[in-house]
file upload_14.txt (compact mmCIF, C-alpha atoms)
# COMPACT_ATOMS: atom_id res chain seq x y z
CA MET A 1 116.60 105.93 143.51
CA THR A 2 114.50 108.50 145.35
CA THR A 3 110.71 108.35 145.59
CA SER A 4 110.43 111.26 143.15
CA GLU A 5 112.78 109.57 140.65
CA SER A 6 110.83 106.34 141.00
CA ARG A 7 107.57 108.11 140.11
CA ASN A 8 109.14 109.68 137.02
CA SER A 9 110.90 106.54 135.82
CA ILE A 10 109.80 104.22 133.03
CA ARG A 11 109.14 100.75 134.43
CA VAL A 12 110.63 98.02 132.23
CA LEU A 13 109.83 94.30 132.30
CA ILE A 14 112.26 91.93 130.54
CA ALA A 15 110.87 88.61 129.27
CA ASP A 16 113.19 86.09 127.62
CA GLU A 17 113.73 82.38 128.19
CA GLN A 18 117.52 82.88 128.38
CA GLN A 19 118.49 83.89 131.91
CA VAL A 20 121.92 85.20 130.91
CA LEU A 21 120.37 87.47 128.30
CA ARG A 22 117.84 88.82 130.79
CA PHE A 23 120.64 89.58 133.21
CA GLY A 24 122.66 91.28 130.49
CA LEU A 25 119.79 93.53 129.43
CA ALA A 26 119.12 94.50 133.04
CA GLN A 27 122.79 95.38 133.50
CA LEU A 28 122.80 97.49 130.34
CA LEU A 29 119.89 99.56 131.63
CA ARG A 30 121.09 99.73 135.23
CA ASP A 31 122.70 103.17 134.94
CA ASP A 32 120.01 104.76 132.80
CA PRO A 33 118.55 107.74 134.69
CA VAL A 34 114.99 107.14 133.43
CA LEU A 35 114.58 103.44 132.68
CA ARG A 36 114.06 101.13 135.65
CA VAL A 37 113.94 97.35 135.26
CA VAL A 38 111.26 96.25 137.73
CA THR A 39 111.56 92.50 137.12
CA GLU A 40 112.37 89.83 134.58
CA THR A 41 110.85 86.47 133.68
CA GLY A 42 111.52 83.47 131.47
CA ASP A 43 108.13 82.00 130.56
CA LEU A 44 104.56 82.91 129.68
CA GLU A 45 103.11 82.24 133.12
CA GLY A 46 105.79 84.36 134.76
CA LEU A 47 105.18 87.10 132.21
CA GLU A 48 101.48 87.22 133.05
CA ARG A 49 102.18 87.31 136.80
CA ALA A 50 104.75 90.09 136.34
CA MET A 51 102.34 92.15 134.24
CA ARG A 52 99.70 91.96 136.97
CA GLU A 53 102.11 92.67 139.83
CA PHE A 54 104.43 95.34 138.43
CA HIS A 55 102.27 97.14 135.82
CA PRO A 56 105.25 97.92 133.53
CA ASP A 57 105.28 100.81 131.06
CA VAL A 58 107.48 98.80 128.68
CA VAL A 59 107.88 95.09 128.02
CA VAL A 60 111.06 93.93 126.27
CA VAL A 61 110.24 90.42 125.07
CA ASP A 62 111.37 87.63 122.78
CA PRO A 63 108.09 85.79 122.18
CA TYR A 64 109.45 83.28 119.68
CA SER A 65 110.28 80.40 121.99
CA ASP A 66 108.46 77.41 123.46
CA ALA A 67 108.46 79.10 126.86
CA MET A 68 106.75 82.24 125.54
CA LYS A 69 104.51 80.49 122.97
CA GLY A 70 104.84 83.05 120.19
CA ILE A 71 101.95 85.34 119.39
CA GLU A 72 100.10 84.16 122.50
CA ALA A 73 102.61 86.10 124.62
CA LEU A 74 101.86 89.32 122.74
CA ASN A 75 98.11 88.78 123.03
CA ARG A 76 98.45 88.18 126.79
CA ILE A 77 100.46 91.38 127.22
CA PHE A 78 97.98 93.57 125.35
CA SER A 79 94.98 91.96 127.03
CA LEU A 80 96.42 92.90 130.42
CA ALA A 81 97.64 96.39 129.45
CA SER A 82 96.48 97.75 126.11
CA ASN A 83 98.64 100.89 126.36
CA VAL A 84 101.91 99.19 127.28
CA ARG A 85 104.85 99.66 124.89
CA VAL A 86 106.06 96.29 123.64
CA ILE A 87 109.56 95.96 122.24
CA ILE A 88 110.42 92.68 120.55
CA TYR A 89 114.05 91.73 120.97
CA THR A 90 114.68 88.55 119.00
CA SER A 91 116.88 86.67 116.56
CA TYR A 92 114.00 86.09 114.14
CA ALA A 93 112.94 88.41 111.32
CA GLU A 94 110.63 86.38 109.12
CA ARG A 95 108.26 88.61 107.15
CA LEU A 96 105.10 87.13 108.70
CA GLN A 97 106.48 87.50 112.22
CA VAL A 98 107.48 91.13 111.73
CA VAL A 99 104.21 92.16 110.08
CA THR A 100 102.01 90.27 112.55
CA ALA A 101 103.84 91.75 115.53
CA LEU A 102 103.45 95.31 114.25
CA GLU A 103 99.78 94.72 113.40
CA LEU A 104 99.20 93.50 116.97
CA GLY A 105 100.56 96.79 118.31
CA VAL A 106 104.27 96.13 118.95
CA SER A 107 106.02 99.50 118.97
CA SER A 108 109.58 98.43 118.12
CA TYR A 109 111.29 95.38 116.61
CA LEU A 110 114.97 94.94 117.52
CA LEU A 111 117.27 92.10 116.50
CA LYS A 112 119.86 90.44 118.68
CA GLN A 113 122.37 90.26 115.81
CA VAL A 114 123.59 93.84 116.26
CA SER A 115 126.54 95.50 117.92
CA LEU A 116 126.29 96.75 121.48
CA GLU A 117 127.13 100.28 120.28
CA SER A 118 124.01 100.43 118.11
CA PHE A 119 121.73 98.28 120.26
CA LEU A 120 121.81 100.19 123.55
CA PRO A 121 120.81 103.58 122.04
CA ASP A 122 118.05 101.86 120.04
CA LEU A 123 116.73 100.12 123.15
CA GLN A 124 116.78 103.36 125.14
CA LYS A 125 114.93 105.22 122.39
CA ALA A 126 112.38 102.42 122.03
CA CYS A 127 111.71 102.31 125.78
CA SER A 128 111.24 106.08 125.79
CA GLY A 129 108.53 105.93 123.11
CA THR A 130 110.33 106.17 119.76
CA THR A 131 109.48 103.49 117.19
CA VAL A 132 112.67 101.65 116.28
CA ILE A 133 112.81 98.84 113.73
CA SER A 134 116.07 97.05 112.98
CA SER A 135 117.17 97.26 109.35
CA ASP A 136 116.53 93.56 108.60
CA ALA A 137 113.05 93.75 110.11
CA ALA A 138 112.37 96.98 108.19
CA SER A 139 113.37 95.23 104.96
CA MET A 140 110.81 92.52 105.71
CA LEU A 141 108.16 95.19 106.25
CA VAL A 142 108.99 96.90 102.95
CA GLU A 143 108.87 93.53 101.20
CA HIS A 144 105.41 92.90 102.67
CA ILE A 145 104.14 96.29 101.51
CA GLN A 146 105.50 95.75 98.01
CA HIS A 147 103.95 92.29 97.92
CA ASN A 148 100.54 93.70 98.82
CA VAL A 149 100.86 96.52 96.28
CA ASN A 150 101.56 93.99 93.56
CA ARG A 151 98.42 92.07 94.53
CA MET A 152 96.12 95.08 94.41
CA GLU A 153 93.18 94.86 92.07
CA THR A 154 91.69 97.75 90.15
CA ASP A 155 88.29 97.47 91.80
CA LYS A 156 87.17 98.76 95.18
CA ASN A 157 88.92 95.96 97.05
CA HIS A 158 92.24 97.79 96.69
CA SER A 159 91.25 100.29 99.39
CA PHE A 160 91.23 97.56 102.02
CA SER A 161 94.33 96.07 103.60
CA VAL A 162 94.75 92.30 103.71
CA ARG A 163 93.97 92.31 107.44
CA GLU A 164 90.87 94.46 106.95
CA LEU A 165 89.56 92.01 104.36
CA GLN A 166 90.18 89.14 106.79
CA VAL A 167 88.25 90.97 109.51
CA LEU A 168 85.47 91.92 107.09
CA GLU A 169 85.07 88.33 105.93
CA LYS A 170 84.53 87.18 109.51
CA LEU A 171 82.30 90.18 110.24
CA VAL A 172 80.05 89.12 107.34
CA LYS A 173 79.76 85.72 109.00
CA GLY A 174 78.39 87.45 112.11
CA MET A 175 81.39 86.77 114.33
CA SER A 176 81.99 88.91 117.42
CA ASN A 177 85.16 90.95 117.91
CA ARG A 178 86.40 88.36 120.41
CA LYS A 179 85.89 85.46 118.00
CA ILE A 180 87.51 87.43 115.17
CA ALA A 181 90.48 88.19 117.42
CA ASP A 182 90.85 84.52 118.38
CA GLY A 183 90.52 83.39 114.78
CA LEU A 184 93.19 85.79 113.51
CA SER A 185 95.45 85.54 116.58
CA ILE A 186 95.28 89.27 117.24
CA CYS A 187 94.02 91.26 120.22
CA GLU A 188 90.43 92.47 120.46
CA ALA A 189 91.54 96.12 120.47
CA THR A 190 93.17 95.58 117.06
CA VAL A 191 89.93 94.09 115.72
CA LYS A 192 87.98 97.14 116.94
CA PHE A 193 90.45 99.39 115.13
CA HIS A 194 90.00 97.46 111.87
CA VAL A 195 86.20 97.39 112.20
CA HIS A 196 86.15 101.17 112.66
CA ALA A 197 88.30 101.60 109.54
CA ILE A 198 86.05 99.24 107.56
CA LEU A 199 82.89 101.16 108.52
CA GLU A 200 84.50 104.43 107.42
CA LYS A 201 85.69 103.03 104.09
CA LEU A 202 82.29 101.52 103.34
CA GLY A 203 80.46 104.65 104.46
CA VAL A 204 78.14 102.74 106.78
CA ARG A 205 77.07 103.14 110.40
CA ASN A 206 77.19 99.63 111.82
CA ARG A 207 78.34 96.05 111.31
CA THR A 208 75.06 94.89 109.76
CA GLU A 209 75.20 97.55 107.07
CA ALA A 210 78.88 96.73 106.50
CA ALA A 211 78.03 93.07 105.89
CA ILE A 212 75.24 93.95 103.46
CA VAL A 213 77.36 96.40 101.47
CA ALA A 214 80.34 94.02 101.40
CA LEU A 215 78.16 91.30 99.88
CA GLU A 216 76.35 93.64 97.47
CA ARG A 217 79.64 95.00 96.11
CA GLN A 218 81.08 91.49 96.10
CA ILE A 219 84.00 92.66 98.22
CA ILE A 220 83.30 89.48 100.17
CA LYS A 221 81.74 86.59 98.28
CA HIS A 222 79.40 83.95 99.73
call {"tool": "encode", "arguments": {"input": "upload_14.txt", "output": "structure tokens"}}
result
Amino acid sequence: MTTSESRNSIRVLIADEQQVLRFGLAQLLRDDPVLRVVTETGDLEGLERAMREFHPDVVVVDPYSDAMKGIEALNRIFSLASNVRVIIYTSYAERLQVVTALELGVSSYLLKQVSLESFLPDLQKACSGTTVISSDAASMLVEHIQHNVNRMETDKNHSFSVRELQVLEKLVKGMSNRKIADGLSICEATVKFHVHAILEKLGVRNRTEAAIVALERQIIKH
């Protein structure tokens, strides 16, 4: 690869505890003219080191293993590079896992139980910036949305998402963005996004006013 090609390429980091799988993914992407696998790793510590050393544009990761420690891996990635594209490549598609990952900022959710013919194009599109969600994971997302719709009340609470209400409840308690993030196992940038949305929906200027209005309207109860 020439220096010019290297500058224009998309740097990809592969993180999975299975060495054979990491090797296979790297081989699949080897001939891609744009995607360049810069390194691969099998555990959380190696993932953090690789993020600091190689500054990838894309991380392809299966966080759901003892070596990666689940959501902690995603939080580490986003804390080191908030703009990085994270593609989950996993065998697991539980509703909570899918929804939490997307709320954290994961851009694509791919499952390992697919054919090579469909997987490689999806991976290439996801690495290049297109959001791709495998059909099983998408079904879980739709199920989550339908579940929340069914739980909506007719009062003003219905304008807030479940996550926004969780953030608002902790905001009323006077917790900082960092403590809210730790308590909900999400990144601080995601908390800031939800706080901004909450202020807009309440029509207030700051966190103090948001807490007062939330209590007055009984959106959050003591």
call {"tool": "closest_residue", "arguments": {"input": "upload_14.txt", "among": "A:Val37, A:Val58, A:Ile10, A:Cys187", "to": "Phe23 in chain A", "atoms": "only C-alpha atoms"}}
result
A:Val37
call {"tool": "closest_residue", "arguments": {"input": "upload_14.txt", "among": "A:Val59, A:Glu48, A:Ile71, A:Ser159", "to": "Glu200 in chain A", "atoms": "all atoms listed in the file"}}
result
A:Ser159
call {"tool": "atom_distance", "arguments": {"input": "upload_14.txt", "atom1": "CA of Leu116 in chain A", "atom2": "CA of Met68 in chain A"}}
result
24.7 Å
call {"tool": "closest_residue", "arguments": {"input": "upload_14.txt", "among": "A:Leu29, A:Arg49, A:Glu72, A:Leu96", "to": "Asp122 in chain A", "atoms": "only C-alpha atoms"}}
result
A:Leu29
call {"tool": "closest_residue", "arguments": {"input": "upload_14.txt", "among": "A:Leu141, A:Leu110, A:Leu168, A:Leu13", "to": "Leu202 in chain A", "atoms": "only C-alpha atoms"}}
result
A:Leu168
call {"tool": "atom_distance", "arguments": {"input": "upload_14.txt", "atom1": "CA of Ala15 in chain A", "atom2": "CA of Lys69 in chain A"}}
result
12.1 Å
call {"tool": "closest_residue", "arguments": {"input": "upload_14.txt", "among": "A:Ile186, A:Ile220, A:Ala101, A:Leu199", "to": "Glu169 in chain A", "atoms": "only C-alpha atoms"}}
result
A:Ile220
call {"tool": "atom_distance", "arguments": {"input": "upload_14.txt", "atom1": "CA of Arg36 in chain A", "atom2": "CA of Met51 in chain A"}}
result
14.8 Å
call {"tool": "residues_near_point", "arguments": {"input": "upload_14.txt", "point": "(88.6, 89.8, 117.8)", "cutoff": "10 Å", "atoms": "only C-alpha atoms", "output": "JSON, numbers by chain"}}
result
{"A": [167, 170, 171, 175, 176, 177, 178, 179, 180, 181, 182, 183, 184, 185, 186, 187, 188, 189, 190, 191, 192, 194, 195]}
call {"tool": "write_last_selection", "arguments": {"input": "upload_14.txt", "atoms": "C-alpha atoms", "output": "tab-separated table (two decimals), in the frame of the given file"}}
result
chain	number	residue	atom	x	y	z
A	167	VAL	CA	88.25	90.97	109.51
A	170	LYS	CA	84.53	87.18	109.51
A	171	LEU	CA	82.30	90.18	110.24
A	175	MET	CA	81.39	86.77	114.33
A	176	SER	CA	81.99	88.91	117.42
A	177	ASN	CA	85.16	90.95	117.91
A	178	ARG	CA	86.40	88.36	120.41
A	179	LYS	CA	85.89	85.46	118.00
A	180	ILE	CA	87.51	87.43	115.17
A	181	ALA	CA	90.48	88.19	117.42
A	182	ASP	CA	90.85	84.52	118.38
A	183	GLY	CA	90.52	83.39	114.78
A	184	LEU	CA	93.19	85.79	113.51
A	185	SER	CA	95.45	85.54	116.58
A	186	ILE	CA	95.28	89.27	117.24
A	187	CYS	CA	94.02	91.26	120.22
A	188	GLU	CA	90.43	92.47	120.46
A	189	ALA	CA	91.54	96.12	120.47
A	190	THR	CA	93.17	95.58	117.06
A	191	VAL	CA	89.93	94.09	115.72
A	192	LYS	CA	87.98	97.14	116.94
A	194	HIS	CA	90.00	97.46	111.87
A	195	VAL	CA	86.20	97.39	112.20
call {"tool": "residues_near_point", "arguments": {"input": "upload_14.txt", "point": "(113.7, 110.6, 134.0)", "cutoff": "6 Å", "atoms": "all atoms listed in the file", "output": "PyMOL selection string"}}
result
chain A and resi 8-9+33-34
call {"tool": "closest_residue", "arguments": {"input": "upload_14.txt", "among": "A:Ala93, A:Val132, A:Ile14, A:Ser79", "to": "Phe54 in chain A", "atoms": "all atoms listed in the file"}}
result
A:Ile14
call {"tool": "axis_aligned_box", "arguments": {"input": "upload_14.txt", "around": "range 82-101 of chain A", "padding_each_side": "5 Å", "output": "JSON"}}
result
{"center_x": 106.7, "center_y": 93.5, "center_z": 117.2, "size_x": 30.4, "size_y": 24.8, "size_z": 30.1}
call {"tool": "residues_around", "arguments": {"input": "upload_14.txt", "residues": "range 24-27 of chain A", "least_positions_apart": "3", "cutoff": "12 Å", "atoms": "only C-alpha atoms", "output": "compact mmCIF listing (two decimals) with C-alpha atoms, in the coordinates of the input"}}
result
# COMPACT_ATOMS: atom_id res chain seq x y z
CA ARG A 11 109.14 100.75 134.43
CA VAL A 12 110.63 98.02 132.23
CA LEU A 13 109.83 94.30 132.30
CA ILE A 14 112.26 91.93 130.54
CA ALA A 15 110.87 88.61 129.27
CA ASP A 16 113.19 86.09 127.62
CA GLN A 18 117.52 82.88 128.38
CA GLN A 19 118.49 83.89 131.91
CA VAL A 20 121.92 85.20 130.91
CA LEU A 21 120.37 87.47 128.30
CA ARG A 30 121.09 99.73 135.23
CA ASP A 31 122.70 103.17 134.94
CA ASP A 32 120.01 104.76 132.80
CA LEU A 35 114.58 103.44 132.68
CA ARG A 36 114.06 101.13 135.65
CA VAL A 37 113.94 97.35 135.26
CA VAL A 38 111.26 96.25 137.73
CA THR A 39 111.56 92.50 137.12
CA GLU A 40 112.37 89.83 134.58
CA THR A 41 110.85 86.47 133.68
CA VAL A 60 111.06 93.93 126.27
CA VAL A 61 110.24 90.42 125.07
CA TYR A 89 114.05 91.73 120.97
CA LYS A 112 119.86 90.44 118.68
CA LEU A 116 126.29 96.75 121.48
CA PHE A 119 121.73 98.28 120.26
CA LEU A 120 121.81 100.19 123.55
CA LEU A 123 116.73 100.12 123.15
CA GLN A 124 116.78 103.36 125.14
call {"tool": "residues_around", "arguments": {"input": "upload_14.txt", "residues": "Ser139 in chain A", "least_positions_apart": "5", "cutoff": "10 Å", "atoms": "all atoms listed in the file", "output": "list of chain:residue names"}}
result
A:Ala93, A:Arg95, A:Val98, A:Ile133, A:Ser134, A:His144, A:Ile145
